[in-house]
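S.K.: Provided herewith: entry_13.cif, mmCIF, C-alpha atoms and all ligand atoms.
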data_model
loop_
_atom_site.label_atom_id
_atom_site.label_comp_id
_atom_site.auth_asym_id
_atom_site.auth_seq_id
_atom_site.Cartn_x
_atom_site.Cartn_y
_atom_site.Cartn_z
CA MET Q 1 95.65 24.01 54.44
CA LYS Q 2 95.43 20.26 53.91
CA GLN Q 3 92.20 18.23 54.18
CA ALA Q 4 92.95 16.94 57.71
CA THR Q 5 93.31 20.48 59.08
CA LYS Q 6 90.27 21.80 57.22
CA LEU Q 7 88.08 18.93 58.42
CA ILE Q 8 88.91 19.75 62.04
CA HIS Q 9 88.81 23.56 61.96
CA ALA Q 10 86.62 24.78 59.06
CA GLY Q 11 83.21 26.09 60.08
CA ASN Q 12 83.96 26.21 63.80
CA ALA Q 13 83.88 30.02 63.85
CA VAL Q 14 80.15 30.13 63.00
CA ASP Q 15 79.39 30.27 66.72
CA ALA Q 16 81.71 32.88 68.20
CA GLY Q 17 78.96 34.27 70.42
CA ALA Q 18 78.72 35.15 74.09
CA THR Q 19 80.02 31.74 75.24
CA PRO Q 20 82.72 30.86 72.73
CA SER Q 21 83.01 27.09 72.53
CA LEU Q 22 85.65 24.90 70.94
CA THR Q 23 83.05 22.81 69.13
CA THR Q 24 79.88 24.13 67.50
CA PRO Q 25 76.84 23.65 69.78
CA ILE Q 26 73.59 22.09 68.60
CA TYR Q 27 71.13 24.93 68.00
CA GLU Q 28 68.09 22.80 68.73
CA THR Q 29 65.59 25.45 67.71
CA SER Q 30 63.14 25.83 64.86
CA THR Q 31 63.16 29.64 64.99
CA PHE Q 32 65.23 32.67 66.09
CA VAL Q 33 64.45 35.86 68.05
CA PHE Q 34 64.76 39.41 66.66
CA ASP Q 35 65.24 42.51 68.84
CA SER Q 36 63.11 44.86 66.74
CA VAL Q 37 61.24 45.42 63.51
CA ALA Q 38 64.34 47.29 62.29
CA ASP Q 39 66.36 44.07 62.65
CA VAL Q 40 63.73 42.02 60.80
CA ILE Q 41 63.88 44.53 57.91
CA LYS Q 42 67.71 44.43 57.93
CA TYR Q 43 67.63 40.60 57.86
CA GLN Q 44 65.25 40.59 54.90
CA GLU Q 45 67.39 43.15 53.06
CA GLY Q 46 70.50 41.07 53.73
CA THR Q 47 72.31 43.63 55.87
CA LEU Q 48 71.91 41.75 59.19
CA ASN Q 49 73.86 38.54 59.59
CA GLY Q 50 71.31 36.49 61.46
CA TYR Q 51 68.89 33.61 61.34
CA LEU Q 52 65.13 33.56 60.81
CA TYR Q 53 63.92 29.97 60.70
CA SER Q 54 65.74 26.61 60.74
CA ARG Q 55 64.22 25.40 57.46
CA TYR Q 56 66.08 28.37 55.90
CA GLU Q 57 69.33 28.24 57.88
CA ASN Q 58 70.57 27.05 61.26
CA PRO Q 59 74.04 27.83 62.76
CA THR Q 60 74.89 24.17 63.47
CA VAL Q 61 74.01 23.20 59.92
CA VAL Q 62 75.85 26.22 58.44
CA ALA Q 63 78.99 25.28 60.42
CA VAL Q 64 79.02 21.79 58.91
CA GLU Q 65 78.28 23.19 55.44
CA GLN Q 66 81.41 25.35 55.76
CA LYS Q 67 83.42 22.24 56.68
CA LEU Q 68 81.99 20.43 53.65
CA ALA Q 69 82.73 23.37 51.32
CA ALA Q 70 86.34 23.49 52.57
CA VAL Q 71 86.83 19.76 51.97
CA ASP Q 72 85.05 19.68 48.61
CA GLY Q 73 86.93 22.80 47.44
CA ALA Q 74 83.56 24.46 46.74
CA GLU Q 75 82.34 28.03 47.09
CA VAL Q 76 79.13 26.72 48.68
CA SER Q 77 77.91 23.40 50.12
CA LEU Q 78 74.30 22.74 51.10
CA LEU Q 79 73.16 20.01 53.49
CA PHE Q 80 70.02 17.91 53.05
CA SER Q 81 68.12 15.39 55.16
CA SER Q 82 69.23 12.54 52.84
CA GLY Q 83 71.20 11.92 49.69
CA MET Q 84 67.90 11.57 47.84
CA ALA Q 85 66.70 14.98 49.11
CA ALA Q 86 69.93 16.48 47.72
CA ILE Q 87 69.54 14.77 44.33
CA SER Q 88 65.84 15.60 43.91
CA THR Q 89 66.32 19.24 44.98
CA ALA Q 90 69.21 19.66 42.53
CA LEU Q 91 67.34 18.15 39.58
CA LEU Q 92 64.08 20.00 40.32
CA THR Q 93 66.04 23.28 40.43
CA LEU Q 94 68.26 22.85 37.39
CA LEU Q 95 65.75 21.26 34.97
CA LYS Q 96 62.46 22.52 33.56
CA SER Q 97 59.87 21.21 31.13
CA GLY Q 98 61.40 20.65 27.68
CA ASP Q 99 64.94 20.03 29.02
CA GLU Q 100 66.81 16.75 28.68
CA ILE Q 101 69.09 15.03 31.19
CA ILE Q 102 71.73 12.55 30.03
CA CYS Q 103 72.50 9.95 32.63
CA CYS Q 104 74.77 6.94 32.80
CA SER Q 105 72.56 3.83 32.83
CA ALA Q 106 74.56 2.41 35.75
CA ILE Q 107 73.61 4.62 38.69
CA TYR Q 108 72.09 4.35 42.17
CA GLY Q 109 68.52 2.96 41.99
CA GLY Q 110 66.90 5.93 43.77
CA THR Q 111 68.48 8.38 41.31
CA PHE Q 112 67.40 6.17 38.42
CA HIS Q 113 63.76 6.24 39.58
CA ILE Q 114 63.74 10.04 40.00
CA ILE Q 115 65.01 10.41 36.44
CA GLU Q 116 62.95 7.57 34.95
CA ASP Q 117 59.63 7.97 36.82
CA LEU Q 118 59.41 11.47 38.30
CA LEU Q 119 61.08 13.85 35.82
CA PRO Q 120 59.05 12.72 32.73
CA ARG Q 121 55.84 13.69 34.61
CA LEU Q 122 57.20 17.26 34.59
CA GLY Q 123 57.99 17.24 30.87
CA ILE Q 124 61.72 16.60 31.37
CA THR Q 125 63.13 13.96 29.03
CA ARG Q 126 65.97 11.63 29.86
CA ARG Q 127 68.52 9.69 27.88
CA PHE Q 128 70.37 6.81 29.51
CA ILE Q 129 73.74 5.97 27.99
CA SER Q 130 76.26 3.21 28.71
CA ILE Q 131 79.50 3.67 30.65
CA GLU Q 132 81.35 3.29 27.32
CA ALA Q 133 79.21 5.99 25.64
CA LEU Q 134 79.91 8.30 28.59
CA SER Q 135 83.59 8.38 27.62
CA ASN Q 136 82.48 10.08 24.39
CA VAL Q 137 79.54 11.99 25.90
CA GLY Q 138 79.95 14.96 23.55
CA SER Q 139 78.33 12.96 20.74
CA SER Q 140 75.22 12.24 22.90
CA ILE Q 141 74.64 15.86 23.94
CA GLY Q 142 71.79 17.49 21.99
CA PRO Q 143 70.21 20.98 21.85
CA LYS Q 144 67.87 20.23 24.78
CA THR Q 145 70.50 18.64 27.04
CA LYS Q 146 71.06 20.63 30.24
CA ILE Q 147 72.82 18.18 32.58
CA VAL Q 148 74.98 15.08 32.39
CA TRP Q 149 74.66 13.00 35.60
CA PHE Q 150 77.02 10.14 36.45
CA GLU Q 151 78.83 8.23 39.22
CA SER Q 152 82.30 6.77 39.68
CA PRO Q 153 82.99 4.17 41.03
CA ILE Q 154 79.61 2.64 40.19
CA ASN Q 155 77.76 0.11 42.35
CA PRO Q 156 78.26 -2.90 42.47
CA THR Q 157 80.92 -3.59 39.81
CA LEU Q 158 82.91 -0.46 40.78
CA ARG Q 159 83.37 0.50 37.13
CA CYS Q 160 85.02 3.95 36.90
CA VAL Q 161 84.43 6.88 34.57
CA ASP Q 162 87.09 9.35 33.41
CA VAL Q 163 85.80 12.39 35.36
CA ARG Q 164 88.07 14.93 33.63
CA GLY Q 165 87.05 13.61 30.19
CA VAL Q 166 83.30 13.91 30.93
CA THR Q 167 83.56 17.36 32.51
CA ALA Q 168 85.67 18.70 29.62
CA ALA Q 169 83.14 17.44 27.07
CA CYS Q 170 80.26 19.00 29.06
CA ARG Q 171 82.06 22.33 29.33
CA LYS Q 172 82.77 22.35 25.59
CA ALA Q 173 79.07 21.68 24.86
CA GLY Q 174 77.88 24.24 27.44
CA VAL Q 175 76.00 21.74 29.63
CA LEU Q 176 76.30 21.15 33.38
CA SER Q 177 78.25 18.16 34.67
CA ALA Q 178 76.91 16.64 37.90
CA MET Q 179 78.31 13.65 39.72
CA ASP Q 180 77.46 11.44 42.68
CA ASN Q 181 80.82 11.04 44.47
CA THR Q 182 79.43 8.95 47.36
CA PHE Q 183 81.53 5.80 46.83
CA ALA Q 184 84.90 7.58 46.60
CA SER Q 185 84.26 10.71 48.75
CA ALA Q 186 86.12 13.98 48.25
CA ILE Q 187 89.07 12.59 50.22
CA ASN Q 188 89.84 9.91 47.62
CA GLN Q 189 88.51 11.82 44.61
CA PRO Q 190 88.32 15.67 44.72
CA VAL Q 191 85.94 15.94 41.74
CA LEU Q 192 85.36 19.71 41.78
CA SER Q 193 89.08 20.19 41.10
CA MET Q 194 88.61 17.99 38.00
CA GLY Q 195 86.28 20.51 36.36
CA LEU Q 196 82.96 19.16 37.69
CA ASP Q 197 80.14 21.72 38.16
CA LEU Q 198 78.02 19.99 40.81
CA SER Q 199 79.17 17.38 43.31
CA MET Q 200 76.69 15.28 45.30
CA GLN Q 201 77.48 12.89 48.16
CA SER Q 202 75.28 10.86 50.46
CA CYS Q 203 76.62 11.91 53.89
CA THR Q 204 75.04 8.69 55.19
CA LYS Q 205 78.19 6.89 53.98
CA TYR Q 206 81.87 7.93 54.38
CA LEU Q 207 81.31 11.59 55.32
CA ASN Q 208 79.58 10.68 58.58
CA GLY Q 209 81.14 7.24 58.67
CA HIS Q 210 79.37 5.82 61.74
CA SER Q 211 76.11 4.47 60.24
CA ASP Q 212 74.01 6.72 62.49
CA VAL Q 213 73.09 9.69 60.28
CA THR Q 214 71.10 10.03 57.06
CA GLY Q 215 72.11 13.05 55.01
CA GLY Q 216 73.17 14.46 51.67
CA VAL Q 217 75.30 17.33 50.39
CA LEU Q 218 75.55 19.32 47.17
CA SER Q 219 78.65 21.42 46.45
CA GLY Q 220 79.43 23.89 43.69
CA SER Q 221 79.84 27.54 42.75
CA GLN Q 222 77.90 30.35 44.42
CA ALA Q 223 76.03 31.00 41.15
CA LEU Q 224 74.95 27.36 40.79
CA MET Q 225 74.05 26.83 44.44
CA ALA Q 226 71.99 30.04 45.01
CA PRO Q 227 68.87 28.78 43.16
CA ILE Q 228 69.29 25.32 44.75
CA ALA Q 229 69.26 26.97 48.20
CA LYS Q 230 65.96 28.66 47.29
CA THR Q 231 64.40 25.35 46.21
CA ARG Q 232 65.63 23.71 49.42
CA ARG Q 233 63.69 26.30 51.43
CA LEU Q 234 60.55 25.48 49.44
CA LEU Q 235 60.82 21.69 49.36
CA GLY Q 236 62.02 21.62 52.95
CA GLY Q 237 64.63 18.87 52.63
CA VAL Q 238 67.24 20.61 54.83
CA MET Q 239 69.15 18.62 57.46
CA ASP Q 240 68.19 19.04 61.13
CA PRO Q 241 70.75 20.45 63.64
CA GLN Q 242 71.12 17.20 65.65
CA PRO Q 243 72.28 14.99 62.72
CA ALA Q 244 74.34 17.95 61.42
CA PHE Q 245 76.25 17.96 64.72
CA ALA Q 246 76.88 14.21 64.49
CA LEU Q 247 77.99 14.58 60.87
CA GLY Q 248 80.40 17.41 61.70
CA ARG Q 249 81.84 15.30 64.52
CA GLY Q 250 82.26 12.28 62.23
CA MET Q 251 83.95 14.38 59.55
CA LYS Q 252 86.80 15.42 61.86
CA THR Q 253 88.29 11.92 61.63
CA MET Q 254 87.43 11.35 57.98
CA PRO Q 255 90.99 11.34 56.50
CA LEU Q 256 92.08 8.72 59.06
CA ARG Q 257 88.97 6.62 58.51
CA VAL Q 258 89.10 6.77 54.71
CA ALA Q 259 92.83 5.90 54.66
CA GLN Q 260 92.09 2.81 56.79
CA HIS Q 261 89.04 1.84 54.71
CA ASN Q 262 91.30 2.04 51.62
CA ALA Q 263 94.06 -0.04 53.23
CA ASN Q 264 91.70 -2.69 54.68
CA ALA Q 265 89.76 -3.02 51.42
CA LEU Q 266 92.92 -3.47 49.35
CA GLU Q 267 94.24 -6.13 51.74
CA VAL Q 268 90.90 -7.99 51.76
CA ALA Q 269 90.54 -7.71 47.96
CA GLN Q 270 94.04 -9.10 47.42
CA PHE Q 271 93.27 -12.02 49.73
CA LEU Q 272 89.93 -12.75 48.06
CA GLU Q 273 91.47 -12.64 44.60
CA ARG Q 274 93.55 -15.70 45.57
CA HIS Q 275 90.66 -17.56 47.28
CA ARG Q 276 89.62 -20.89 45.70
CA SER Q 277 85.88 -20.23 46.24
CA ILE Q 278 85.92 -16.91 44.38
CA HIS Q 279 85.28 -16.56 40.68
CA ARG Q 280 86.13 -12.86 40.48
CA VAL Q 281 86.88 -9.83 42.68
CA TYR Q 282 85.82 -6.31 41.68
CA TYR Q 283 87.96 -3.60 43.29
CA PRO Q 284 89.39 -0.61 41.37
CA GLY Q 285 92.64 -0.90 43.30
CA LEU Q 286 93.40 -4.31 41.75
CA ALA Q 287 95.32 -4.41 38.48
CA SER Q 288 92.74 -6.97 37.26
CA HIS Q 289 89.89 -4.42 37.42
CA PRO Q 290 88.95 -3.17 33.91
CA ASP Q 291 89.11 0.49 35.04
CA HIS Q 292 92.19 0.28 37.25
CA GLY Q 293 94.04 2.71 34.96
CA ILE Q 294 91.29 5.38 35.15
CA ALA Q 295 90.94 4.89 38.91
CA ALA Q 296 94.70 5.21 39.48
CA ARG Q 297 94.75 8.49 37.52
CA GLN Q 298 91.94 10.20 39.44
CA MET Q 299 91.74 8.55 42.89
CA SER Q 300 94.29 8.86 45.69
CA GLY Q 301 92.74 5.78 47.35
CA PHE Q 302 90.37 3.18 45.94
CA GLY Q 303 87.66 3.23 48.60
CA GLY Q 304 86.23 0.65 50.95
CA VAL Q 305 83.80 -1.30 48.77
CA VAL Q 306 84.79 -4.70 47.38
CA THR Q 307 82.43 -6.88 45.34
CA ILE Q 308 82.99 -10.62 44.91
CA ASP Q 309 81.49 -13.13 42.52
CA VAL Q 310 81.33 -16.49 44.29
CA LYS Q 311 81.93 -19.80 42.47
CA GLY Q 312 78.67 -21.81 42.52
CA GLY Q 313 76.43 -18.79 41.82
CA GLN Q 314 73.39 -17.79 43.86
CA ASP Q 315 73.26 -20.83 46.19
CA ALA Q 316 76.92 -20.50 47.16
CA ALA Q 317 76.61 -16.73 47.61
CA PHE Q 318 73.51 -17.11 49.83
CA ARG Q 319 75.30 -19.78 51.94
CA ALA Q 320 78.42 -17.64 52.43
CA PHE Q 321 76.27 -14.59 53.21
CA ASP Q 322 74.47 -16.42 56.02
CA LYS Q 323 77.74 -17.73 57.53
CA LEU Q 324 79.43 -14.34 58.01
CA LYS Q 325 79.93 -13.40 61.67
CA VAL Q 326 82.00 -10.19 61.91
CA VAL Q 327 80.68 -8.80 58.61
CA LYS Q 328 77.03 -7.94 59.18
CA ARG Q 329 74.21 -8.42 56.68
CA ALA Q 330 73.00 -4.84 56.06
CA ALA Q 331 72.45 -2.39 53.20
CA SER Q 332 74.47 0.87 52.86
CA LEU Q 333 78.24 1.40 53.04
CA GLY Q 334 80.94 3.67 54.40
CA GLY Q 335 80.55 3.00 58.14
CA VAL Q 336 83.15 1.78 60.63
CA GLU Q 337 81.38 -1.62 60.68
CA SER Q 338 81.91 -4.05 57.81
CA ILE Q 339 78.56 -4.87 56.19
CA CYS Q 340 77.52 -6.81 53.13
CA SER Q 341 74.59 -7.09 50.77
CA LEU Q 342 73.49 -9.20 47.82
CA PRO Q 343 72.98 -6.96 44.74
CA ILE Q 344 70.20 -9.21 43.38
CA LEU Q 345 68.25 -8.63 46.60
CA THR Q 346 69.05 -4.92 46.99
CA SER Q 347 70.31 -2.56 44.24
CA GLN Q 348 69.39 -4.90 41.36
CA TYR Q 349 66.28 -6.43 42.96
CA GLY Q 350 63.58 -7.45 40.47
CA LEU Q 351 65.75 -7.23 37.33
CA THR Q 352 65.32 -9.95 34.70
CA ASP Q 353 68.22 -12.27 33.83
CA GLU Q 354 68.79 -10.23 30.68
CA GLU Q 355 68.82 -6.93 32.60
CA LEU Q 356 71.26 -8.39 35.13
CA VAL Q 357 73.67 -9.36 32.36
CA LYS Q 358 73.38 -5.86 30.89
CA ALA Q 359 74.20 -4.34 34.30
CA GLY Q 360 77.19 -6.69 34.64
CA VAL Q 361 75.65 -8.17 37.80
CA SER Q 362 75.71 -11.89 38.55
CA LYS Q 363 73.57 -13.92 40.95
CA GLY Q 364 76.71 -14.97 42.84
CA MET Q 365 77.71 -11.43 43.78
CA ILE Q 366 78.20 -10.18 47.32
CA ARG Q 367 79.03 -6.50 47.88
CA ILE Q 368 81.10 -5.84 50.98
CA SER Q 369 81.64 -2.45 52.58
CA ILE Q 370 84.93 -2.97 54.36
CA GLY Q 371 84.95 -1.28 57.75
CA LEU Q 372 87.66 -0.40 60.23
CA GLU Q 373 87.94 -3.72 62.08
CA ASP Q 374 91.31 -5.47 61.99
CA ALA Q 375 91.88 -6.61 58.39
CA GLY Q 376 93.06 -10.04 59.59
CA ASP Q 377 89.79 -10.59 61.46
CA LEU Q 378 87.82 -9.65 58.35
CA ILE Q 379 89.89 -12.01 56.21
CA ASN Q 380 89.37 -14.87 58.67
CA ASP Q 381 85.61 -14.23 58.75
CA LEU Q 382 85.32 -14.13 54.95
CA ASP Q 383 87.53 -17.21 54.64
CA GLN Q 384 85.40 -19.32 57.02
CA ALA Q 385 82.17 -18.18 55.34
CA LEU Q 386 83.43 -18.90 51.82
CA THR Q 387 85.06 -22.18 52.73
C1 LIG Q 401 75.66 6.08 45.31
C2 LIG Q 401 74.50 6.52 46.15
N1 LIG Q 401 73.93 7.70 45.89
C3 LIG Q 401 72.89 8.15 46.61
C4 LIG Q 401 72.35 7.40 47.64
C5 LIG Q 401 71.16 7.92 48.39
O1 LIG Q 401 71.57 8.44 49.62
P1 LIG Q 401 70.63 8.40 50.92
O2 LIG Q 401 70.34 6.98 51.24
O3 LIG Q 401 71.45 9.14 51.94
O4 LIG Q 401 69.38 9.14 50.56
C6 LIG Q 401 72.91 6.16 47.94
C7 LIG Q 401 72.36 5.31 49.03
O5 LIG Q 401 72.71 4.18 49.19
C8 LIG Q 401 74.02 5.72 47.18
O6 LIG Q 401 74.60 4.52 47.42
#
Would you mind writing the structure in this file as structure tokens?

M.R.:
Amino acid sequence: MKQATKLIHAGNAVDAGATPSLTTPIYETSTFVFDSVADVIKYQEGTLNGYLYSRYENPTVVAVEQKLAAVDGAEVSLLFSSGMAAISTALLTLLKSGDEIICCSAIYGGTFHIIEDLLPRLGITRRFISIEALSNVGSSIGPKTKIVWFESPINPTLRCVDVRGVTAACRKAGVLSAMDNTFASAINQPVLSMGLDLSMQSCTKYLNGHSDVTGGVLSGSQALMAPIAKTRRLLGGVMDPQPAFALGRGMKTMPLRVAQHNANALEVAQFLERHRSIHRVYYPGLASHPDHGIAARQMSGFGGVVTIDVKGGQDAAFRAFDKLKVVKRAASLGGVESICSLPILTSQYGLTDEELVKAGVSKGMIRISIGLEDAGDLINDLDQALT
């Protein structure tokens, strides 16, 4: 079946109980009832298909995990209360003292701080490498390397990494490849089919798509996910049934939403590229983007995030930011509403001038998550703010 069909029907059979419903109900319960001691024993031995406690498993959450697994093309998907809960649970499961993680230096700030500040306290070493070095990652992998972690497209410049190249090098060296696919989503970029071992997405963004849920998902093989499921029980970062229901509902329209995000973003990016107040537009769907070739090979759509560098630097960017009316000033991305943020005040906050240059980030940058409003209205709003 195609993605659109899977997103609507996968997982719905989890609740085929006494009152069969078309949609999966919200099992708003922390615990489940057993008929007898014999059933408890059967559950513990794995011969009774039931539920014990919602921190372990909950039918509403399991239903959405099955939808996610179908869309990601994974044997197993696991839901978490945030993207950060997913990332930390994965890394704390797959790494132990003495191991090394190789990570692209351009990654989400939260992930960076887990790897830079938290993992070394547990005796796990890290090596940050550039986007360029990632394309030849085999030469960075050493005897202690266990995981290579990367993103594509990368915030806020939307640089792209050759996913198949990185995963092939990891496989050859016998290390795990793990990737944060939040910006593209599995609809635009089905990374597990490109040889990736572990896919992570913040469900807070395109998967839910309505800016009203915080969540994260990890997807991979049964063998890889089984120990992660055990750690999730211990750390307790599982998603609650109520947000899981909202996420599952949002996912049913995901192919339509993502297609429109792609189309709106391309139209807006093309307009902005011609605007007299703009120094540069960063969007992987534009031929002018340095990684357009890589993006075109591995993405079926280029996503909804467009970054602009405004002529006149920080002052001009701040002025335009304050003048936007339809596009709201807010962090995050992937919702139906267009929102924008200033990288120097969010993802790159506190970096020195030298560090900003290294990250390819300028003080005149505005990152825009293009929503599902009429593209013409968005263009008019951006035009008046920039002019
Ligand atoms: C690329 C990326 N990865 C991970 C996260 C963390 O996800 P969450 O905020 O759901 O914990 C974010 C959040 O903005 C993100 O942009």

S.K.: For stretch 335-346 of chain Q, please output as an NGL selection string all residues within 8 Å (counting all atoms listed in the file; exclusion window: fewer than 6 positions along the same chain).

M.R.: :Q and (156 or 205-206 or 208-211 or 257 or 321 or 326-329 or 361-363 or 365-373)

S.K.: Using only C-alpha atoms and all ligand atoms, tabulate the residues of chain Q lying at most 9 Å from any atom of ligand LIG 401 (chain Q), each with its closest atom pair and that distance in Å to one decimal, by chain and increasing residue number, as CSV.

M.R.:
residue,atom,partner,partner_atom,distance
Q:Phe80,CA,Q:LIG401,O3,9.0
Q:Ser81,CA,Q:LIG401,O3,7.8
Q:Ser82,CA,Q:LIG401,O4,4.1
Q:Gly83,CA,Q:LIG401,O4,3.4
Q:Met84,CA,Q:LIG401,O4,3.9
Q:Ala85,CA,Q:LIG401,O4,6.6
Q:Ala86,CA,Q:LIG401,O4,7.9
Q:Ile87,CA,Q:LIG401,C3,7.8
Q:Ile107,CA,Q:LIG401,C1,7.1
Q:Tyr108,CA,Q:LIG401,C1,5.1
Q:Gly109,CA,Q:LIG401,C8,8.1
Q:Gly110,CA,Q:LIG401,C5,6.6
Q:Thr111,CA,Q:LIG401,C3,6.9
Q:Glu151,CA,Q:LIG401,C1,7.2
Q:Ser152,CA,Q:LIG401,C1,8.7
Q:Pro153,CA,Q:LIG401,C1,8.7
Q:Ile154,CA,Q:LIG401,C1,7.3
Q:Asn155,CA,Q:LIG401,C1,7.0
Q:Asp180,CA,Q:LIG401,N1,6.1
Q:Asn181,CA,Q:LIG401,C1,7.2
Q:Thr182,CA,Q:LIG401,C1,5.2
Q:Phe183,CA,Q:LIG401,C1,6.1
Q:Met200,CA,Q:LIG401,N1,8.1
Q:Gln201,CA,Q:LIG401,N1,6.7
Q:Ser202,CA,Q:LIG401,O3,4.5
Q:Cys203,CA,Q:LIG401,O3,6.2
Q:Thr204,CA,Q:LIG401,O3,4.9
Q:Lys205,CA,Q:LIG401,O3,7.4
Q:Val213,CA,Q:LIG401,O3,8.5
Q:Thr214,CA,Q:LIG401,O3,5.2
Q:Gly215,CA,Q:LIG401,O3,5.0
Q:Gly216,CA,Q:LIG401,O3,5.6
Q:Ala331,CA,Q:LIG401,O5,7.7
Q:Ser332,CA,Q:LIG401,O5,5.2
Q:Leu333,CA,Q:LIG401,O5,7.3
Q:Ser347,CA,Q:LIG401,O5,8.7

S.K.: Take atom CA of Q:Thr60 and atom CA of Q:Gln44 and report the distance between them in Å, one decimal.

M.R.: 20.9 Å

S.K.: When you look at Q:Ile26 with a cut-off of 8 Å (counting all atoms listed in the file), what residues show up, excluding the ones that are within fewer than 4 positions of it in the same chain? I need them as a PyMOL selection string.

M.R.: chain Q and resi 60+241-242+245

S.K.: For the atom pair atom CA of Q:Trp149 and atom CA of Q:Leu176, what is the interatomic distance in Å to one decimal place?

M.R.: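 Interatomic distance here is 8.6 Å.
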
S.K.: Could you work out how far atom CA of Q:Val217 lies from atom CA of Q:Arg121, giving the answer in Å with one decimal?

M.R.: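 Going from atom CA of Q:Arg121 over to atom CA of Q:Val217, I get 25.3 Å.
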
S.K.: Write out as a ChimeraX atom specification which residues come within 9 Å of Q:Met251 when counting all atoms listed in the file, dropping same-chain ones fewer than 3 positions away.

M.R.: /Q:7-8,64,67-68,206-209,246-248,254-255

S.K.: Would you mind exporting the chosen residues as an mmCIF file, in the frame of the given file, restricted to C-alpha atoms?

M.R.:
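Saved result, out-v1.cif, follows:
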data_model
loop_
_atom_site.group_PDB
_atom_site.id
_atom_site.type_symbol
_atom_site.label_atom_id
_atom_site.label_comp_id
_atom_site.auth_asym_id
_atom_site.auth_seq_id
_atom_site.Cartn_x
_atom_site.Cartn_y
_atom_site.Cartn_z
ATOM 1 C CA LEU Q 7 88.080 18.930 58.420
ATOM 2 C CA ILE Q 8 88.910 19.750 62.040
ATOM 3 C CA VAL Q 64 79.020 21.790 58.910
ATOM 4 C CA LYS Q 67 83.420 22.240 56.680
ATOM 5 C CA LEU Q 68 81.990 20.430 53.650
ATOM 6 C CA TYR Q 206 81.870 7.930 54.380
ATOM 7 C CA LEU Q 207 81.310 11.590 55.320
ATOM 8 C CA ASN Q 208 79.580 10.680 58.580
ATOM 9 C CA GLY Q 209 81.140 7.240 58.670
ATOM 10 C CA ALA Q 246 76.880 14.210 64.490
ATOM 11 C CA LEU Q 247 77.990 14.580 60.870
ATOM 12 C CA GLY Q 248 80.400 17.410 61.700
ATOM 13 C CA MET Q 254 87.430 11.350 57.980
ATOM 14 C CA PRO Q 255 90.990 11.340 56.500
#

S.K.: With only C-alpha atoms as the atoms that count, which of Q:Thr125, Q:Gln189, Q:Ser277, Q:Thr231 lies nearest to Q:Thr89?

M.R.: Q:Thr231

S.K.: Excluding same-chain residues fewer than 2 positions from Q:Met1, what lies within 12 Å of it counting only C-alpha atoms, as a CSV table (one decimal) with C-alpha atoms, keeping the file's coordinate frame?

M.R.:
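What landed in result-v4.csv:
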chain,number,residue,atom,x,y,z
Q,3,GLN,CA,92.2,18.2,54.2
Q,4,ALA,CA,93.0,16.9,57.7
Q,5,THR,CA,93.3,20.5,59.1
Q,6,LYS,CA,90.3,21.8,57.2
Q,7,LEU,CA,88.1,18.9,58.4
Q,8,ILE,CA,88.9,19.8,62.0
Q,9,HIS,CA,88.8,23.6,62.0
Q,10,ALA,CA,86.6,24.8,59.1
Q,70,ALA,CA,86.3,23.5,52.6
Q,71,VAL,CA,86.8,19.8,52.0
Q,73,GLY,CA,86.9,22.8,47.4

S.K.: Quick one: of Q:Leu218, Q:Ala359, Q:Ala184, Q:Ile114, who's nearest to Q:Val258, counting all atoms listed in the file?

M.R.: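 The shortest atom-to-atom distance to Q:Val258 comes from Q:Ala184.
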
S.K.: Looking at Q:Tyr27, Q:Phe150, Q:Phe271, Q:Tyr43, which one is nearest to Q:Tyr283, with distances taken over all atoms listed in the file?

M.R.: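 Closest to Q:Tyr283, using all atoms listed in the file: Q:Phe271.
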
S.K.: Of the residues Q:Leu198, Q:Ala375, Q:Leu158, Q:Ala63, which is the one nearest to Q:Thr307, using only C-alpha atoms?

M.R.: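 Once distances to Q:Thr307 are computed over only C-alpha atoms, the minimum belongs to Q:Leu158.
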
S.K.: Nearest to Q:Ala133 among Q:Ile147, Q:Cys104, Q:Thr19, Q:Arg159, with distances taken over all atoms listed in the file: which residue is it?

M.R.: Q:Cys104

S.K.: For Q:Met225, which of Q:Ser199, Q:Asn58, Q:Thr253, Q:Gln314 is the closest residue, counting only C-alpha atoms?

M.R.: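 The closest residue to Q:Met225 is Q:Ser199.
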
S.K.: For a quick check of your reading of the model, name the residues lying within 7 Å of the coordinate (61.3, 27.6, 63.9), counting only C-alpha atoms, and write them as a PyMOL selection string.

M.R.: chain Q and resi 29-32+53-54

S.K.: Using all atoms of stretch 160-166 of chain Q that appear in the file, construct an axis-aligned enclosing box with 3 Å of padding on every side and provide its centre coordinates and edge lengths in Å, rounded to one decimal, as AutoDock Vina command-line options.

M.R.:
--center_x 85.7 --center_y 9.4 --center_z 33.5 --size_x 10.8 --size_y 17.0 --size_z 12.7

S.K.: Could you name the residues that touch Q:Tyr282 at 9 Å or less, counting all atoms listed in the file, but leaving out those on the same chain fewer than 3 positions away, as a PyMOL selection string?

M.R.: chain Q and resi 156-159+269+273+285-286+288-290+305-309
